[in-house]
Amino acid sequence: MRLILLGPPGAGKGTQAKILVDAYGIPQLSTGDILRAAIAAKTPLGLEAKAIVDRGDLVSDDIVNGIVSERLDQADCKPGFILDGFPRTIAQAEALDRMLAEKGMALDAVIEIKADADELVRRVVNRAKESGGARADDNEEVLRKRLDVYTQQTAPLVDYYAGKGMLKPVDGMAPVGEVTTAIKGALGK
Ligand code: ADP
């Protein structure tokens, strides 16, 4: 099973990805997690990405495309994967199409987790409090920036994947378990 989870910050992509990892036995590929790990470890990639991530902008397509391409070559991705936070631009989606074709892989579905903006702000502000500020980009100002970036650069992917007949929308405002049930229903398993 090869899936993309698409949706704005705070929609629950990471939460659902972790549940689906256990359900389907395939890894979660979160470009956000990979970038945060690089930032924490102060690798060259992390040093380059830190200021961009902290202000809520997108890291360059070349960087994230490279990260994902390498990750897809690892053995645990053979049976499938859940992409969380990638692609985030049309250029990334086109790069993903090319890399999957080269690797002889095909996507099964793109799950769009739909959510309204007010609830997203509430959730992320809450996440920031509960995590004791673990993510430098989880404050209201940067979140609004991330929501703008989503609307401008990532939301066009909804039409991109709908046009390919791959889009499966689910209501991200429902309780976590119901969202999972809706995703599994959309996947037919
Ligand atoms: P969220 O979904 O909560 O906004 P993520 O953990 O997916 O957060 O991403 C956090 C940050 O990492 C983004 O705001 C961006 O700076 C960077 N990032 C993650 N994925 C990508 C990507 N595919 N392209 C560019 N930047 C990315």
# chains A, B, ... in the order shown; residues from 1 in each chain; ligands from 1
$ residues_near_ligand --ligand "ligand 1" --cutoff "6 Å" --atoms "only C-alpha atoms and all ligand atoms" --output "PyMOL selection string"
chain A and resi 9-10+31-33+52-53+56-61+64+85-88+146
$ residues_around --residues "Gly14 in chain A" --least-positions-apart "6" --cutoff "12 Å" --atoms "only C-alpha atoms" --output "list in words"
Ile4, Leu5, Leu6, Gly7, Pro8, Leu20, Val21, Pro27, Gln28, Leu29, Ser30, Thr31, Gly32, Asp33, Ile82, Leu83, Asp84, Gly85, Phe86, Ile113, Val176 and Thr180 of chain A
$ residues_around --residues "Gly80 in chain A" --least-positions-apart "2" --cutoff "8 Å" --atoms "only C-alpha atoms" --output "PyMOL selection string"
chain A and resi 1-3+26-27+76-78+82
$ write_last_selection --atoms "N, CA and C atoms" --output "mmCIF file, in the first residue's frame"
data_model
loop_
_atom_site.group_PDB
_atom_site.id
_atom_site.type_symbol
_atom_site.label_atom_id
_atom_site.label_comp_id
_atom_site.auth_asym_id
_atom_site.auth_seq_id
_atom_site.Cartn_x
_atom_site.Cartn_y
_atom_site.Cartn_z
ATOM 1 N N MET A 1 0.837 -1.202 0.000
ATOM 2 C CA MET A 1 0.000 0.000 0.000
ATOM 3 C C MET A 1 0.872 1.252 0.000
ATOM 4 N N ARG A 2 0.686 2.114 -0.996
ATOM 5 C CA ARG A 2 1.492 3.340 -1.072
ATOM 6 C C ARG A 2 0.537 4.533 -1.014
ATOM 7 N N LEU A 3 0.665 5.276 0.067
ATOM 8 C CA LEU A 3 -0.300 6.327 0.347
ATOM 9 C C LEU A 3 0.349 7.674 0.530
ATOM 10 N N ILE A 26 3.520 -0.794 7.336
ATOM 11 C CA ILE A 26 4.370 -0.046 6.392
ATOM 12 C C ILE A 26 4.845 1.225 7.097
ATOM 13 N N PRO A 27 6.014 1.765 6.704
ATOM 14 C CA PRO A 27 6.554 2.917 7.430
ATOM 15 C C PRO A 27 5.888 4.253 7.063
ATOM 16 N N ASP A 76 12.672 -1.109 3.981
ATOM 17 C CA ASP A 76 11.359 -1.153 4.648
ATOM 18 C C ASP A 76 10.246 -0.539 3.797
ATOM 19 N N CYS A 77 10.602 0.179 2.724
ATOM 20 C CA CYS A 77 9.570 0.771 1.857
ATOM 21 C C CYS A 77 9.106 -0.185 0.758
ATOM 22 N N LYS A 78 9.735 -1.350 0.665
ATOM 23 C CA LYS A 78 9.354 -2.333 -0.365
ATOM 24 C C LYS A 78 7.859 -2.638 -0.330
ATOM 25 N N ILE A 82 3.731 5.376 3.832
ATOM 26 C CA ILE A 82 2.751 6.453 4.022
ATOM 27 C C ILE A 82 3.513 7.770 3.992
#
$ residues_around --residues "Ala49 in chain A" --least-positions-apart "4" --cutoff "9 Å" --atoms "only C-alpha atoms" --output "PDB file with N, CA, C and O atoms, in the first residue's frame"
ATOM      1  N   LEU A  35      13.315  16.409   8.759  1.00  0.00           N
ATOM      2  CA  LEU A  35      13.966  17.725   8.870  1.00  0.00           C
ATOM      3  C   LEU A  35      14.217  18.096  10.330  1.00  0.00           C
ATOM      4  O   LEU A  35      15.292  18.594  10.671  1.00  0.00           O
ATOM      5  N   ARG A  36      13.238  17.818  11.210  1.00  0.00           N
ATOM      6  CA  ARG A  36      13.439  18.139  12.635  1.00  0.00           C
ATOM      7  C   ARG A  36      14.594  17.322  13.231  1.00  0.00           C
ATOM      8  O   ARG A  36      15.367  17.831  14.041  1.00  0.00           O
ATOM      9  N   ALA A  38      17.203  16.248  11.572  1.00  0.00           N
ATOM     10  CA  ALA A  38      18.439  16.826  11.025  1.00  0.00           C
ATOM     11  C   ALA A  38      18.796  18.125  11.750  1.00  0.00           C
ATOM     12  O   ALA A  38      19.964  18.400  12.021  1.00  0.00           O
ATOM     13  N   ILE A  39      17.758  18.912  12.079  1.00  0.00           N
ATOM     14  CA  ILE A  39      17.985  20.180  12.794  1.00  0.00           C
ATOM     15  C   ILE A  39      18.531  19.887  14.196  1.00  0.00           C
ATOM     16  O   ILE A  39      19.510  20.496  14.634  1.00  0.00           O
ATOM     17  N   PRO A  44      24.578  19.152   8.228  1.00  0.00           N
ATOM     18  CA  PRO A  44      24.582  20.251   7.249  1.00  0.00           C
ATOM     19  C   PRO A  44      23.168  20.555   6.738  1.00  0.00           C
ATOM     20  O   PRO A  44      22.785  21.731   6.610  1.00  0.00           O
ATOM     21  N   LEU A  45      22.396  19.518   6.481  1.00  0.00           N
ATOM     22  CA  LEU A  45      21.007  19.715   6.047  1.00  0.00           C
ATOM     23  C   LEU A  45      20.217  20.461   7.119  1.00  0.00           C
ATOM     24  O   LEU A  45      19.480  21.408   6.826  1.00  0.00           O
ATOM     25  N   VAL A  53      12.379  26.329   8.414  1.00  0.00           N
ATOM     26  CA  VAL A  53      11.332  25.583   9.131  1.00  0.00           C
ATOM     27  C   VAL A  53      10.790  26.437  10.278  1.00  0.00           C
ATOM     28  O   VAL A  53       9.575  26.518  10.473  1.00  0.00           O
ATOM     29  N   ASP A  54      11.687  27.098  11.015  1.00  0.00           N
ATOM     30  CA  ASP A  54      11.256  27.881  12.179  1.00  0.00           C
ATOM     31  C   ASP A  54      10.327  29.019  11.797  1.00  0.00           C
ATOM     32  O   ASP A  54       9.487  29.422  12.589  1.00  0.00           O
ATOM     33  N   VAL A  59      11.058  24.353   2.830  1.00  0.00           N
ATOM     34  CA  VAL A  59      12.419  24.036   2.417  1.00  0.00           C
ATOM     35  C   VAL A  59      12.373  23.792   0.902  1.00  0.00           C
ATOM     36  O   VAL A  59      11.320  23.455   0.355  1.00  0.00           O
ATOM     37  N   SER A  60      13.502  23.953   0.206  1.00  0.00           N
ATOM     38  CA  SER A  60      13.457  23.876  -1.255  1.00  0.00           C
ATOM     39  C   SER A  60      13.036  22.486  -1.736  1.00  0.00           C
ATOM     40  O   SER A  60      13.306  21.471  -1.084  1.00  0.00           O
TER      41      SER A  60
END
$ select_by_dssp --residues "chain A" --states "strand (DSSP E or B)" --output "MDAnalysis selection string"
chainID A and resid 2:6 28:30 81:84 109:114 167:171
$ write_last_selection --atoms "C-alpha atoms" --output "PDB file, in the first residue's frame"
ATOM      1  CA  ARG A   2       1.492   3.340  -1.072  1.00  0.00           C
ATOM      2  CA  LEU A   3      -0.300   6.327   0.347  1.00  0.00           C
ATOM      3  CA  ILE A   4      -0.064  10.083   0.594  1.00  0.00           C
ATOM      4  CA  LEU A   5      -1.679  11.886   3.523  1.00  0.00           C
ATOM      5  CA  LEU A   6      -2.595  15.396   2.456  1.00  0.00           C
ATOM      6  CA  GLN A  28       5.582   6.571   7.800  1.00  0.00           C
ATOM      7  CA  LEU A  29       7.775   8.936   5.797  1.00  0.00           C
ATOM      8  CA  SER A  30       7.390  12.362   7.384  1.00  0.00           C
ATOM      9  CA  PHE A  81       4.779   3.555   2.715  1.00  0.00           C
ATOM     10  CA  ILE A  82       2.751   6.453   4.022  1.00  0.00           C
ATOM     11  CA  LEU A  83       3.970   9.859   2.884  1.00  0.00           C
ATOM     12  CA  ASP A  84       3.134  12.510   5.505  1.00  0.00           C
ATOM     13  CA  ALA A 109      -4.359   6.598  -2.999  1.00  0.00           C
ATOM     14  CA  VAL A 110      -4.104  10.145  -1.704  1.00  0.00           C
ATOM     15  CA  ILE A 111      -6.070  10.676   1.492  1.00  0.00           C
ATOM     16  CA  GLU A 112      -7.121  14.283   1.968  1.00  0.00           C
ATOM     17  CA  ILE A 113      -7.786  15.050   5.637  1.00  0.00           C
ATOM     18  CA  LYS A 114     -10.131  18.033   5.574  1.00  0.00           C
ATOM     19  CA  LEU A 167      -8.133  11.574  -4.136  1.00  0.00           C
ATOM     20  CA  LYS A 168     -10.066  10.206  -1.150  1.00  0.00           C
ATOM     21  CA  PRO A 169     -11.360  13.013   1.084  1.00  0.00           C
ATOM     22  CA  VAL A 170     -12.145  12.313   4.757  1.00  0.00           C
ATOM     23  CA  ASP A 171     -13.498  14.604   7.483  1.00  0.00           C
TER      24      ASP A 171
END
$ closest_residue --among "A:Ala75, A:Met166, A:Val179, A:Val125" --to "Arg144 in chain A" --atoms "only C-alpha atoms"
A:Val125
$ select_by_dssp --residues "chain A" --states "alpha helix (DSSP H)" --output "ChimeraX atom specification"
/A:13-24,31-40,44-55,61-72,90-103,117-130,140-149,156-163,176-187
$ closest_atom_pairs --of "range 53-103 of chain A" --to "range 160-165 of chain A" --cutoff "10 Å" --atoms "only C-alpha atoms" --output "JSON lines"
{"residue": "A:Ile90", "atom": "CA", "partner": "A:Tyr160", "partner_atom": "CA", "distance": 7.7}
{"residue": "A:Ala93", "atom": "CA", "partner": "A:Tyr160", "partner_atom": "CA", "distance": 8.5}
{"residue": "A:Glu94", "atom": "CA", "partner": "A:Tyr160", "partner_atom": "CA", "distance": 9.7}
$ residues_around --residues "range 117-121 of chain A" --least-positions-apart "4" --cutoff "12 Å" --atoms "only C-alpha atoms" --output "PyMOL selection string"
chain A and resi 7-12+113+125-128+138-148+150-151+172-174
$ decode --residues "range 54-183 of chain A" --atoms "C-alpha atoms" --output "short mmCIF file (atom, residue, chain, number, x, y, z; two decimals), in the first residue's frame"
data_model
loop_
_atom_site.label_atom_id
_atom_site.label_comp_id
_atom_site.auth_asym_id
_atom_site.auth_seq_id
_atom_site.Cartn_x
_atom_site.Cartn_y
_atom_site.Cartn_z
CA ASP A 54 11.26 27.88 12.18
CA ARG A 55 9.58 30.66 10.24
CA GLY A 56 7.03 28.34 8.62
CA ASP A 57 8.32 28.50 5.06
CA LEU A 58 8.97 25.52 2.80
CA VAL A 59 12.42 24.04 2.42
CA SER A 60 13.46 23.88 -1.26
CA ASP A 61 11.90 21.23 -3.47
CA ASP A 62 15.37 19.87 -4.37
CA ILE A 63 16.20 19.17 -0.74
CA VAL A 64 12.98 17.37 0.14
CA ASN A 65 12.82 15.52 -3.19
CA GLY A 66 16.31 14.17 -2.47
CA ILE A 67 15.35 13.15 1.08
CA VAL A 68 12.28 11.26 -0.14
CA SER A 69 13.99 9.59 -3.08
CA GLU A 70 16.71 8.19 -0.79
CA ARG A 71 14.20 7.11 1.81
CA LEU A 72 12.07 5.24 -0.75
CA ASP A 73 15.11 3.13 -1.67
CA GLN A 74 15.37 1.68 1.84
CA ALA A 75 14.26 -1.91 2.29
CA ASP A 76 11.36 -1.15 4.65
CA CYS A 77 9.57 0.77 1.86
CA LYS A 78 9.35 -2.33 -0.37
CA PRO A 79 5.89 -3.34 0.89
CA GLY A 80 4.65 0.26 0.83
CA PHE A 81 4.78 3.56 2.72
CA ILE A 82 2.75 6.45 4.02
CA LEU A 83 3.97 9.86 2.88
CA ASP A 84 3.13 12.51 5.50
CA GLY A 85 3.96 16.12 4.63
CA PHE A 86 5.23 15.34 1.13
CA PRO A 87 4.49 16.36 -1.57
CA ARG A 88 3.68 19.92 -0.56
CA THR A 89 3.98 21.70 -3.93
CA ILE A 90 2.97 20.79 -7.48
CA ALA A 91 6.68 20.59 -8.37
CA GLN A 92 7.20 18.05 -5.57
CA ALA A 93 4.20 16.04 -6.78
CA GLU A 94 5.62 15.96 -10.30
CA ALA A 95 9.04 14.94 -8.95
CA LEU A 96 7.36 12.18 -6.94
CA ASP A 97 5.57 10.91 -10.06
CA ARG A 98 8.92 10.73 -11.84
CA MET A 99 10.76 9.03 -8.98
CA LEU A 100 8.02 6.44 -8.47
CA ALA A 101 7.99 5.67 -12.19
CA GLU A 102 11.80 5.21 -12.11
CA LYS A 103 11.55 2.95 -9.08
CA GLY A 104 8.69 0.95 -10.64
CA MET A 105 6.28 1.92 -7.87
CA ALA A 106 2.70 3.22 -8.14
CA LEU A 107 0.59 5.14 -5.65
CA ASP A 108 -2.61 3.55 -4.39
CA ALA A 109 -4.36 6.60 -3.00
CA VAL A 110 -4.10 10.14 -1.70
CA ILE A 111 -6.07 10.68 1.49
CA GLU A 112 -7.12 14.28 1.97
CA ILE A 113 -7.79 15.05 5.64
CA LYS A 114 -10.13 18.03 5.57
CA ALA A 115 -10.25 20.48 8.47
CA ASP A 116 -11.35 24.04 9.15
CA ALA A 117 -8.87 26.76 9.94
CA ASP A 118 -10.18 27.83 13.39
CA GLU A 119 -10.01 24.28 14.72
CA LEU A 120 -6.48 23.90 13.33
CA VAL A 121 -5.27 26.95 15.22
CA ARG A 122 -6.87 25.61 18.42
CA ARG A 123 -5.27 22.17 17.98
CA VAL A 124 -1.78 23.42 17.22
CA VAL A 125 -1.79 25.98 20.05
CA ASN A 126 -2.87 23.12 22.31
CA ARG A 127 -0.13 20.82 20.95
CA ALA A 128 2.42 23.54 21.68
CA LYS A 129 1.25 23.78 25.32
CA GLU A 130 1.19 20.01 25.83
CA SER A 131 4.63 19.47 24.29
CA GLY A 132 6.14 22.29 26.33
CA GLY A 133 7.18 24.10 23.16
CA ALA A 134 9.01 21.14 21.60
CA ARG A 135 8.41 22.49 18.08
CA ALA A 136 9.69 26.00 17.44
CA ASP A 137 7.13 26.40 14.63
CA ASP A 138 4.09 25.56 16.81
CA ASN A 139 3.12 29.06 17.86
CA GLU A 140 0.16 31.02 16.60
CA GLU A 141 2.08 33.45 14.41
CA VAL A 142 4.14 30.79 12.62
CA LEU A 143 1.10 28.54 12.38
CA ARG A 144 -0.84 31.23 10.51
CA LYS A 145 2.10 31.45 8.14
CA ARG A 146 2.07 27.66 7.68
CA LEU A 147 -1.67 27.77 6.96
CA ASP A 148 -1.09 30.48 4.33
CA VAL A 149 1.69 28.43 2.76
CA TYR A 150 -0.66 25.44 2.73
CA THR A 151 -3.42 27.39 1.00
CA GLN A 152 -1.08 28.88 -1.60
CA GLN A 153 1.28 26.03 -2.36
CA THR A 154 -0.17 22.74 -1.12
CA ALA A 155 -3.95 23.02 -1.57
CA PRO A 156 -3.55 22.89 -5.40
CA LEU A 157 -2.52 19.25 -4.92
CA VAL A 158 -6.16 18.44 -4.14
CA ASP A 159 -7.11 19.15 -7.76
CA TYR A 160 -3.89 17.58 -9.04
CA TYR A 161 -4.71 14.22 -7.45
CA ALA A 162 -8.46 14.50 -7.99
CA GLY A 163 -7.65 14.84 -11.71
CA LYS A 164 -5.78 11.56 -11.53
CA GLY A 165 -8.75 9.92 -9.81
CA MET A 166 -6.65 9.19 -6.70
CA LEU A 167 -8.13 11.57 -4.14
CA LYS A 168 -10.07 10.21 -1.15
CA PRO A 169 -11.36 13.01 1.08
CA VAL A 170 -12.14 12.31 4.76
CA ASP A 171 -13.50 14.60 7.48
CA GLY A 172 -10.60 15.45 9.80
CA MET A 173 -12.91 17.15 12.31
CA ALA A 174 -14.34 13.79 13.43
CA PRO A 175 -12.84 11.95 16.46
CA VAL A 176 -9.49 10.20 15.76
CA GLY A 177 -11.01 6.69 15.61
CA GLU A 178 -13.69 7.78 13.16
CA VAL A 179 -11.12 9.41 10.89
CA THR A 180 -9.17 6.12 10.89
CA THR A 181 -12.35 4.17 10.05
CA ALA A 182 -13.10 6.59 7.20
CA ILE A 183 -9.56 6.19 5.81
#
